$ cat query_37.pdb   # PDB, C-alpha atoms
MODEL        1
ATOM      1  CA  MET G   1      31.758 -74.378 -50.062
ATOM      2  CA  ALA G   2      34.058 -72.311 -47.883
ATOM      3  CA  SER G   3      35.968 -74.156 -45.220
ATOM      4  CA  PRO G   4      35.042 -73.674 -41.557
ATOM      5  CA  ALA G   5      38.398 -72.021 -40.902
ATOM      6  CA  ALA G   6      37.610 -69.280 -43.407
ATOM      7  CA  SER G   7      34.034 -68.776 -42.303
ATOM      8  CA  PRO G   8      33.006 -65.663 -40.392
ATOM      9  CA  PRO G   9      32.784 -65.867 -36.609
ATOM     10  CA  PRO G  10      29.425 -66.786 -35.075
ATOM     11  CA  PRO G  11      26.974 -63.892 -34.721
ATOM     12  CA  ALA G  12      27.097 -64.087 -30.925
ATOM     13  CA  ALA G  13      30.862 -63.630 -30.934
ATOM     14  CA  ARG G  14      30.672 -60.614 -33.236
ATOM     15  CA  ALA G  15      27.863 -59.106 -31.185
ATOM     16  CA  SER G  16      29.905 -59.460 -28.025
ATOM     17  CA  ARG G  17      32.831 -57.605 -29.569
ATOM     18  CA  VAL G  18      30.643 -54.844 -30.984
ATOM     19  CA  HIS G  19      28.418 -54.113 -28.020
ATOM     20  CA  ALA G  20      30.279 -55.242 -24.919
ATOM     21  CA  ALA G  21      32.113 -51.974 -24.516
ATOM     22  CA  ALA G  22      28.956 -49.903 -24.763
ATOM     23  CA  ASP G  23      25.818 -51.431 -23.341
ATOM     24  CA  GLU G  24      26.339 -55.078 -22.372
ATOM     25  CA  THR G  25      27.120 -56.505 -18.972
ATOM     26  CA  LEU G  26      30.661 -57.848 -18.619
ATOM     27  CA  THR G  27      31.601 -60.387 -15.978
ATOM     28  CA  GLY G  28      34.941 -60.353 -14.196
ATOM     29  CA  GLU G  29      36.193 -62.795 -16.862
ATOM     30  CA  ALA G  30      35.314 -60.295 -19.628
ATOM     31  CA  VAL G  31      32.387 -62.428 -20.828
ATOM     32  CA  ALA G  32      29.484 -60.426 -22.274
ATOM     33  CA  LEU G  33      26.150 -61.419 -20.752
ATOM     34  CA  ASP G  34      23.114 -61.336 -23.017
ATOM     35  CA  VAL G  35      20.953 -59.296 -20.639
ATOM     36  CA  GLN G  36      19.083 -56.211 -21.783
ATOM     37  CA  PRO G  37      19.245 -53.002 -19.735
ATOM     38  CA  LEU G  38      16.012 -51.337 -18.741
ATOM     39  CA  GLY G  39      15.328 -48.434 -21.091
ATOM     40  CA  PHE G  40      15.265 -44.750 -20.175
ATOM     41  CA  PHE G  41      11.469 -44.471 -20.303
ATOM     42  CA  LEU G  42      10.852 -47.481 -18.057
ATOM     43  CA  ARG G  43      13.501 -46.261 -15.631
ATOM     44  CA  ALA G  44      11.740 -42.893 -15.488
ATOM     45  CA  VAL G  45       8.399 -44.586 -14.801
ATOM     46  CA  SER G  46      10.016 -46.702 -12.093
ATOM     47  CA  CYS G  47      11.533 -43.605 -10.497
ATOM     48  CA  LEU G  48       8.213 -41.745 -10.538
ATOM     49  CA  ILE G  49       6.469 -44.657  -8.817
ATOM     50  CA  ASP G  50       9.148 -44.871  -6.132
ATOM     51  CA  MET G  51       9.097 -41.110  -5.554
ATOM     52  CA  ALA G  52       5.297 -41.116  -5.357
ATOM     53  CA  ALA G  53       5.525 -43.821  -2.696
ATOM     54  CA  GLY G  54       8.121 -41.709  -0.868
ATOM     55  CA  VAL G  55       5.893 -38.630  -0.968
ATOM     56  CA  ALA G  56       3.033 -40.714   0.423
ATOM     57  CA  LEU G  57       5.256 -41.832   3.307
ATOM     58  CA  LEU G  58       6.282 -38.210   3.956
ATOM     59  CA  VAL G  59       2.655 -37.090   4.059
ATOM     60  CA  ILE G  60       1.626 -39.922   6.365
ATOM     61  CA  GLY G  61       4.624 -39.307   8.625
ATOM     62  CA  SER G  62       4.004 -35.558   8.740
ATOM     63  CA  LEU G  63       0.348 -36.023   9.649
ATOM     64  CA  THR G  64       1.343 -38.506  12.345
ATOM     65  CA  LEU G  65       3.908 -36.106  13.828
ATOM     66  CA  THR G  66       1.429 -33.233  13.759
ATOM     67  CA  ALA G  67      -1.204 -35.369  15.466
ATOM     68  CA  LEU G  68       1.258 -36.461  18.170
ATOM     69  CA  VAL G  69       2.297 -32.881  18.859
ATOM     70  CA  GLY G  70      -1.322 -31.699  18.880
ATOM     71  CA  SER G  71      -2.311 -34.376  21.361
ATOM     72  CA  GLY G  72       0.606 -33.562  23.641
ATOM     73  CA  THR G  73       2.159 -36.998  23.236
ATOM     74  CA  ILE G  74       5.474 -35.411  22.229
ATOM     75  CA  PRO G  75       6.629 -31.864  23.017
ATOM     76  CA  ASP G  76       6.686 -29.124  20.375
ATOM     77  CA  SER G  77      10.474 -28.889  20.627
ATOM     78  CA  THR G  78      10.887 -32.343  19.101
ATOM     79  CA  LEU G  79       8.801 -31.561  16.005
ATOM     80  CA  ARG G  80      11.765 -30.235  14.017
ATOM     81  CA  ILE G  81      13.946 -33.199  14.998
ATOM     82  CA  GLY G  82      11.146 -35.583  14.088
ATOM     83  CA  ALA G  83      10.742 -33.923  10.689
ATOM     84  CA  ILE G  84      14.459 -34.303   9.955
ATOM     85  CA  VAL G  85      14.405 -37.948  11.015
ATOM     86  CA  LEU G  86      11.354 -38.549   8.836
ATOM     87  CA  ILE G  87      13.002 -36.985   5.764
ATOM     88  CA  VAL G  88      16.222 -38.966   6.226
ATOM     89  CA  ALA G  89      14.263 -42.165   6.747
ATOM     90  CA  VAL G  90      12.136 -41.719   3.620
ATOM     91  CA  MET G  91      14.914 -40.511   1.322
ATOM     92  CA  VAL G  92      17.813 -42.705   2.484
ATOM     93  CA  VAL G  93      16.966 -45.387   5.049
ATOM     94  CA  VAL G  94      13.846 -46.857   3.418
ATOM     95  CA  PRO G  95      15.249 -47.023  -0.159
ATOM     96  CA  THR G  96      18.510 -48.542   1.101
ATOM     97  CA  THR G  97      16.711 -51.140   3.220
ATOM     98  CA  VAL G  98      14.210 -52.120   0.531
ATOM     99  CA  GLU G  99      16.842 -52.374  -2.200
ATOM    100  CA  THR G 100      19.215 -54.379  -0.003
ATOM    101  CA  LEU G 101      16.625 -56.869   1.258
ATOM    102  CA  SER G 102      15.001 -57.330  -2.153
ATOM    103  CA  ARG G 103      18.348 -57.587  -3.961
ATOM    104  CA  GLY G 104      17.864 -54.590  -6.210
ATOM    105  CA  ARG G 105      14.095 -54.372  -6.426
ATOM    106  CA  SER G 106      11.708 -51.598  -5.412
ATOM    107  CA  LEU G 107       8.027 -50.870  -5.904
ATOM    108  CA  GLY G 108       8.694 -49.037  -9.157
ATOM    109  CA  ARG G 109      11.142 -51.581 -10.544
ATOM    110  CA  LEU G 110       8.761 -54.394  -9.626
ATOM    111  CA  ALA G 111       6.085 -52.661 -11.693
ATOM    112  CA  VAL G 112       8.256 -52.224 -14.813
ATOM    113  CA  GLY G 113      10.239 -55.458 -14.546
ATOM    114  CA  GLY G 114      13.697 -54.256 -13.556
ATOM    115  CA  ARG G 115      16.380 -54.922 -10.982
ATOM    116  CA  ILE G 116      19.522 -53.082  -9.917
ATOM    117  CA  VAL G 117      22.680 -55.154 -10.434
ATOM    118  CA  ARG G 118      26.395 -54.454 -10.433
ATOM    119  CA  VAL G 119      27.920 -53.590 -13.800
ATOM    120  CA  ASP G 120      29.645 -57.001 -13.797
ATOM    121  CA  GLY G 121      26.261 -58.721 -13.537
ATOM    122  CA  GLY G 122      26.467 -59.611  -9.842
ATOM    123  CA  ALA G 123      23.805 -58.835  -7.264
ATOM    124  CA  ALA G 124      23.962 -55.361  -5.726
ATOM    125  CA  GLY G 125      24.396 -55.157  -1.956
ATOM    126  CA  PHE G 126      24.093 -52.679   0.908
ATOM    127  CA  ARG G 127      27.009 -50.491  -0.210
ATOM    128  CA  GLN G 128      25.580 -49.970  -3.689
ATOM    129  CA  ALA G 129      22.078 -49.355  -2.325
ATOM    130  CA  PHE G 130      23.352 -46.800   0.212
ATOM    131  CA  ILE G 131      25.382 -44.874  -2.370
ATOM    132  CA  ARG G 132      22.442 -44.782  -4.769
ATOM    133  CA  ALA G 133      20.052 -43.584  -2.055
ATOM    134  CA  LEU G 134      22.490 -40.960  -0.780
ATOM    135  CA  VAL G 135      23.145 -39.537  -4.228
ATOM    136  CA  GLY G 136      19.424 -39.778  -4.943
ATOM    137  CA  VAL G 137      18.739 -37.108  -2.333
ATOM    138  CA  LEU G 138      20.428 -34.624  -4.674
ATOM    139  CA  GLU G 139      19.638 -35.947  -8.138
ATOM    140  CA  LEU G 140      16.083 -37.149  -7.451
ATOM    141  CA  TRP G 141      14.587 -35.233  -4.556
ATOM    142  CA  PHE G 142      16.333 -31.843  -4.587
ATOM    143  CA  THR G 143      16.154 -31.498  -8.392
ATOM    144  CA  LEU G 144      12.926 -33.489  -8.906
ATOM    145  CA  GLY G 145      14.790 -36.017 -11.023
ATOM    146  CA  GLY G 146      16.370 -33.413 -13.296
ATOM    147  CA  ILE G 147      19.980 -34.513 -12.805
ATOM    148  CA  ALA G 148      19.024 -38.183 -13.084
ATOM    149  CA  ALA G 149      17.185 -37.526 -16.361
ATOM    150  CA  ILE G 150      20.057 -35.565 -17.907
ATOM    151  CA  VAL G 151      22.682 -38.147 -16.928
ATOM    152  CA  GLY G 152      20.443 -41.062 -17.952
ATOM    153  CA  MET G 153      19.955 -39.666 -21.457
ATOM    154  CA  PHE G 154      23.697 -39.687 -22.109
ATOM    155  CA  THR G 155      24.674 -43.082 -20.667
ATOM    156  CA  PRO G 156      24.381 -46.342 -22.685
ATOM    157  CA  ARG G 157      22.282 -48.153 -20.073
ATOM    158  CA  ALA G 158      20.240 -45.168 -18.857
ATOM    159  CA  GLN G 159      22.325 -45.048 -15.671
ATOM    160  CA  ARG G 160      21.772 -42.148 -13.326
ATOM    161  CA  LEU G 161      24.515 -40.441 -11.337
ATOM    162  CA  GLY G 162      24.000 -42.758  -8.377
ATOM    163  CA  ASP G 163      24.479 -45.774 -10.648
ATOM    164  CA  LEU G 164      27.732 -44.409 -12.035
ATOM    165  CA  LEU G 165      29.134 -43.781  -8.553
ATOM    166  CA  ALA G 166      27.910 -47.128  -7.170
ATOM    167  CA  GLY G 167      28.901 -49.170 -10.242
ATOM    168  CA  THR G 168      25.376 -50.408 -10.930
ATOM    169  CA  ALA G 169      22.814 -50.567 -13.729
ATOM    170  CA  CYS G 170      19.177 -51.571 -14.069
ATOM    171  CA  GLU G 171      18.613 -54.798 -15.998
ATOM    172  CA  ARG G 172      15.408 -56.310 -17.340
ATOM    173  CA  THR G 173      13.961 -59.251 -15.455
ATOM    174  CA  ARG G 174      11.106 -59.826 -17.895
ATOM    175  CA  THR G 175      12.122 -61.431 -21.152
ATOM    176  CA  ARG G 176      10.371 -62.203 -24.407
ATOM    177  CA  PRO G 177       8.544 -65.536 -24.754
ATOM    178  CA  LEU G 178      10.496 -68.275 -26.470
ATOM    179  CA  PRO G 179       9.681 -68.731 -30.179
ATOM    180  CA  ALA G 180       7.621 -71.677 -31.367
ATOM    181  CA  ALA G 181       9.400 -74.833 -32.415
ATOM    182  CA  ALA G 182      10.613 -75.037 -36.019
ATOM    183  CA  PRO G 183      11.577 -77.951 -38.289
ATOM    184  CA  GLY G 184      15.150 -79.118 -37.838
ATOM    185  CA  ILE G 185      18.113 -78.671 -40.154
ATOM    186  CA  PRO G 186      17.595 -80.530 -43.468
ATOM    187  CA  PRO G 187      19.566 -83.804 -43.530
ATOM    188  CA  GLY G 188      23.139 -83.424 -44.694
ATOM    189  CA  LEU G 189      23.465 -79.755 -43.739
ATOM    190  CA  GLU G 190      24.402 -80.191 -40.076
ATOM    191  CA  GLY G 191      28.036 -79.268 -40.744
ATOM    192  CA  TRP G 192      27.027 -76.204 -42.751
ATOM    193  CA  ALA G 193      24.635 -75.090 -40.009
ATOM    194  CA  ALA G 194      27.482 -75.064 -37.465
ATOM    195  CA  VAL G 195      29.389 -72.376 -39.421
ATOM    196  CA  ALA G 196      26.623 -70.616 -41.346
ATOM    197  CA  ASP G 197      26.169 -66.867 -40.906
ATOM    198  CA  VAL G 198      22.515 -65.804 -41.179
ATOM    199  CA  SER G 199      22.713 -62.840 -38.824
ATOM    200  CA  ARG G 200      22.259 -60.303 -41.632
ATOM    201  CA  LEU G 201      18.845 -61.633 -42.633
ATOM    202  CA  PRO G 202      16.282 -58.789 -42.360
ATOM    203  CA  ASP G 203      13.545 -59.467 -39.833
ATOM    204  CA  ARG G 204      10.776 -59.113 -42.417
ATOM    205  CA  LEU G 205      12.434 -61.621 -44.741
ATOM    206  CA  ALA G 206      13.013 -64.021 -41.836
ATOM    207  CA  ALA G 207       9.308 -63.783 -40.962
ATOM    208  CA  ARG G 208       8.361 -64.613 -44.576
ATOM    209  CA  MET G 209      10.703 -67.599 -44.519
ATOM    210  CA  ALA G 210       9.210 -68.907 -41.280
ATOM    211  CA  GLN G 211       5.681 -68.466 -42.653
ATOM    212  CA  PHE G 212       6.603 -70.406 -45.794
ATOM    213  CA  VAL G 213       8.188 -73.240 -43.813
ATOM    214  CA  ARG G 214       5.077 -73.587 -41.661
ATOM    215  CA  GLY G 215       2.630 -73.559 -44.576
ATOM    216  CA  ALA G 216       4.586 -75.124 -47.446
ATOM    217  CA  GLU G 217       2.775 -78.451 -47.228
ATOM    218  CA  ALA G 218      -0.570 -76.762 -47.916
ATOM    219  CA  LEU G 219       0.588 -75.086 -51.151
ATOM    220  CA  GLU G 220       0.138 -76.445 -54.645
ATOM    221  CA  PRO G 221       3.437 -77.870 -56.014
ATOM    222  CA  ALA G 222       3.831 -75.149 -58.650
ATOM    223  CA  ALA G 223       3.044 -72.345 -56.201
ATOM    224  CA  ARG G 224       5.310 -73.912 -53.586
ATOM    225  CA  ALA G 225       8.243 -74.064 -55.999
ATOM    226  CA  ARG G 226       7.620 -70.495 -57.163
ATOM    227  CA  VAL G 227       7.475 -69.062 -53.630
ATOM    228  CA  ALA G 228      10.540 -71.052 -52.579
ATOM    229  CA  ALA G 229      12.503 -69.791 -55.580
ATOM    230  CA  GLY G 230      11.582 -66.182 -54.828
ATOM    231  CA  LEU G 231      12.531 -66.509 -51.176
ATOM    232  CA  ALA G 232      15.798 -68.255 -52.003
ATOM    233  CA  GLU G 233      16.738 -65.433 -54.384
ATOM    234  CA  ALA G 234      16.105 -62.909 -51.613
ATOM    235  CA  VAL G 235      17.939 -64.995 -48.993
ATOM    236  CA  ARG G 236      21.179 -65.702 -50.900
ATOM    237  CA  PRO G 237      22.833 -62.264 -50.361
ATOM    238  CA  TYR G 238      22.421 -62.639 -46.586
ATOM    239  CA  VAL G 239      23.693 -66.205 -46.109
ATOM    240  CA  SER G 240      27.352 -67.202 -45.982
ATOM    241  CA  PRO G 241      28.605 -69.685 -47.031
ATOM    242  CA  LEU G 242      25.906 -70.708 -49.486
ATOM    243  CA  PRO G 243      25.123 -74.437 -49.456
ATOM    244  CA  ASP G 244      24.803 -76.207 -52.798
ATOM    245  CA  VAL G 245      21.136 -77.142 -52.407
ATOM    246  CA  ASP G 246      17.810 -76.438 -54.096
ATOM    247  CA  ALA G 247      15.774 -73.328 -53.330
ATOM    248  CA  GLU G 248      13.357 -74.797 -50.797
ATOM    249  CA  THR G 249      16.099 -76.593 -48.887
ATOM    250  CA  LEU G 250      18.068 -73.336 -48.686
ATOM    251  CA  VAL G 251      15.056 -71.498 -47.285
ATOM    252  CA  ARG G 252      14.316 -74.239 -44.761
ATOM    253  CA  ALA G 253      17.956 -74.469 -43.667
ATOM    254  CA  ALA G 254      18.407 -70.702 -43.234
ATOM    255  CA  ALA G 255      15.120 -70.396 -41.347
ATOM    256  CA  SER G 256      16.051 -73.251 -39.035
ATOM    257  CA  VAL G 257      19.531 -71.874 -38.268
ATOM    258  CA  ARG G 258      18.170 -68.418 -37.508
ATOM    259  CA  ARG G 259      15.405 -69.784 -35.294
ATOM    260  CA  ASP G 260      17.804 -72.068 -33.380
ATOM    261  CA  ARG G 261      20.209 -69.211 -32.641
ATOM    262  CA  GLU G 262      17.414 -66.893 -31.565
ATOM    263  CA  TYR G 263      16.106 -69.668 -29.323
ATOM    264  CA  ARG G 264      19.509 -70.168 -27.667
ATOM    265  CA  ALA G 265      19.911 -66.420 -27.181
ATOM    266  CA  LEU G 266      16.505 -66.154 -25.502
ATOM    267  CA  LEU G 267      17.272 -69.155 -23.295
ATOM    268  CA  LEU G 268      20.455 -67.470 -22.097
ATOM    269  CA  GLU G 269      18.539 -64.248 -21.506
ATOM    270  CA  ASN G 270      15.872 -66.072 -19.504
ATOM    271  CA  GLU G 271      18.489 -67.932 -17.454
ATOM    272  CA  ARG G 272      20.304 -64.691 -16.676
ATOM    273  CA  ALA G 273      17.075 -62.942 -15.700
ATOM    274  CA  ALA G 274      16.173 -65.885 -13.465
ATOM    275  CA  SER G 275      19.557 -65.688 -11.755
ATOM    276  CA  LEU G 276      18.886 -62.032 -10.918
ATOM    277  CA  THR G 277      15.722 -63.026  -9.076
ATOM    278  CA  ASP G 278      17.399 -65.878  -7.186
ATOM    279  CA  HIS G 279      17.732 -64.977  -3.507
ATOM    280  CA  THR G 280      19.978 -67.902  -2.682
TER     281      THR G 280
ENDMDL
END
$ encode --input "query_37.pdb" --output "C-alpha cells"
Amino acid sequence: MASPAASPPPPAARASRVHAAADETLTGEAVALDVQPLGFFLRAVSCLIDMAAGVALLVIGSLTLTALVGSGTIPDSTLRIGAIVLIVAVMVVVPTTVETLSRGRSLGRLAVGGRIVRVDGGAAGFRQAFIRALVGVLELWFTLGGIAAIVGMFTPRAQRLGDLLAGTACERTRTRPLPAAAPGIPPGLEGWAAVADVSRLPDRLAARMAQFVRGAEALEPAARARVAAGLAEAVRPYVSPLPDVDAETLVRAAASVRRDREYRALLLENERAASLTDHT
C-alpha cells in the first residue's frame, strides 16, 4: 500500500486548485468556497420577473399620474417631471432599496433561489446594489436585456455588466438534499479511507455500488459474491491506493468514502447558503 506522503491530494484540494480561478468564490484568504453560482438560464428568468414587476410599477405609476392630472390635483406642467421621477424610481431607486434591505434578494431571485453576493463571498451592500441598478438602466432597460445576455454568456458565473463593475455574482441559496446515511468504513480501513482517492469514480458506477451495499444482505451468497466481484473489477481502476481486501470489502469501503465526502461537501454548501440568508 502506498504511503500517505505519496498519496494524491484530497479531491477537495484538487478541485479548489482547478476551479477557483474560474467559477468558485474566493474569500480574502484565498479559500475557495463550495457555493454554486446561479446558472445563466435561472438568472435570465430572475431578470424577466424583476423587469415584469418594474413594468407593472411603471404602468400603475403612469395611470396614477394621468388620473391626478385629469382630476386637477396636480398641474399639467408637472406631468413630465413626474414621469421622469417615476422612471428613475422604478429603474434605480426601487431595485437599489430592495436589494440593499434584503441583502441581495429580489422578487425574481427569490423565485429562482438566488442571492447577489460579493465575489469574495461577503454580503453585498448599498454601493454594489446602486452600481448594479445604475448600469442596469443601460444593459437591461434600454437594450431589453441584450447587453446583460451577451456578457452573461461569456462570464464563468453568468455575471452581467453590472456585476463585473460592482464586483458581485449571483449564488444559489437552494441546495440539494443531503444523501441518505450509508454503512461506515469497514473495520481496519480507517487509515486507508483518510488518504484514499475515489473522486474519479463514474456516477453510474457509484450508484451501482451504493445499490449493492444497500441490498447485499438480501442476495443469495453465490449471487452476492458474483456481483461484488464484478463491481470490484470495475472499481479498481478508479481507486488509489488499492487496499489489500476482498472484493465486497473494497466495494463497501469505496462506496462509504465517496458518500462521506459528498456528504461533507453538501454540508459545507448548505452552511454557506444559510450564511447568505443570515441577516445578522
$ resolve_selection --input "query_37.pdb" --expression "the PyMOL selection byres ((chain G and resi 46-56) around 8)" --output "ChimeraX atom specification"
/G:42-45,57-60,90-91,106-109,111-112
$ closest_residue --input "query_37.pdb" --among "G:Val257, G:Leu138, G:Val69, G:Ala228" --to "Ser199 of chain G" --atoms "all atoms listed in the file"
G:Val257
$ resolve_selection --input "query_37.pdb" --expression "the PyMOL selection byres ((chain G and resi 234-236) around 9)" --output "list in words"
Leu201, Leu205, Ala206, Met209, Ala229, Gly230, Leu231, Ala232, Glu233, Pro237, Tyr238, Val239, Ser240, Leu242, Leu250, Val251 and Ala254 of chain G
$ resolve_selection --input "query_37.pdb" --expression "the PyMOL selection byres ((chain G and resi 184-189) around 12)" --output "JSON, numbers by chain"
{"G": [1, 181, 182, 183, 190, 191, 192, 193, 194, 195, 196, 213, 241, 242, 243, 244, 245, 246, 248, 249, 250, 251, 252, 253, 254, 255, 256, 257, 258, 259, 260]}
$ residues_around --input "query_37.pdb" --residues "Ile116 of chain G" --least-positions-apart "5" --cutoff "8 Å" --atoms "all atoms listed in the file" --output "PDB file with C-alpha atoms, in the frame of the given file"
ATOM      1  CA  ARG G 103      18.348 -57.587  -3.961  1.00  0.00           C
ATOM      2  CA  GLY G 104      17.864 -54.590  -6.210  1.00  0.00           C
ATOM      3  CA  ARG G 105      14.095 -54.372  -6.426  1.00  0.00           C
ATOM      4  CA  ALA G 123      23.805 -58.835  -7.264  1.00  0.00           C
ATOM      5  CA  ALA G 124      23.962 -55.361  -5.726  1.00  0.00           C
ATOM      6  CA  THR G 168      25.376 -50.408 -10.930  1.00  0.00           C
ATOM      7  CA  ALA G 169      22.814 -50.567 -13.729  1.00  0.00           C
ATOM      8  CA  CYS G 170      19.177 -51.571 -14.069  1.00  0.00           C
ATOM      9  CA  GLU G 171      18.613 -54.798 -15.998  1.00  0.00           C
TER      10      GLU G 171
END
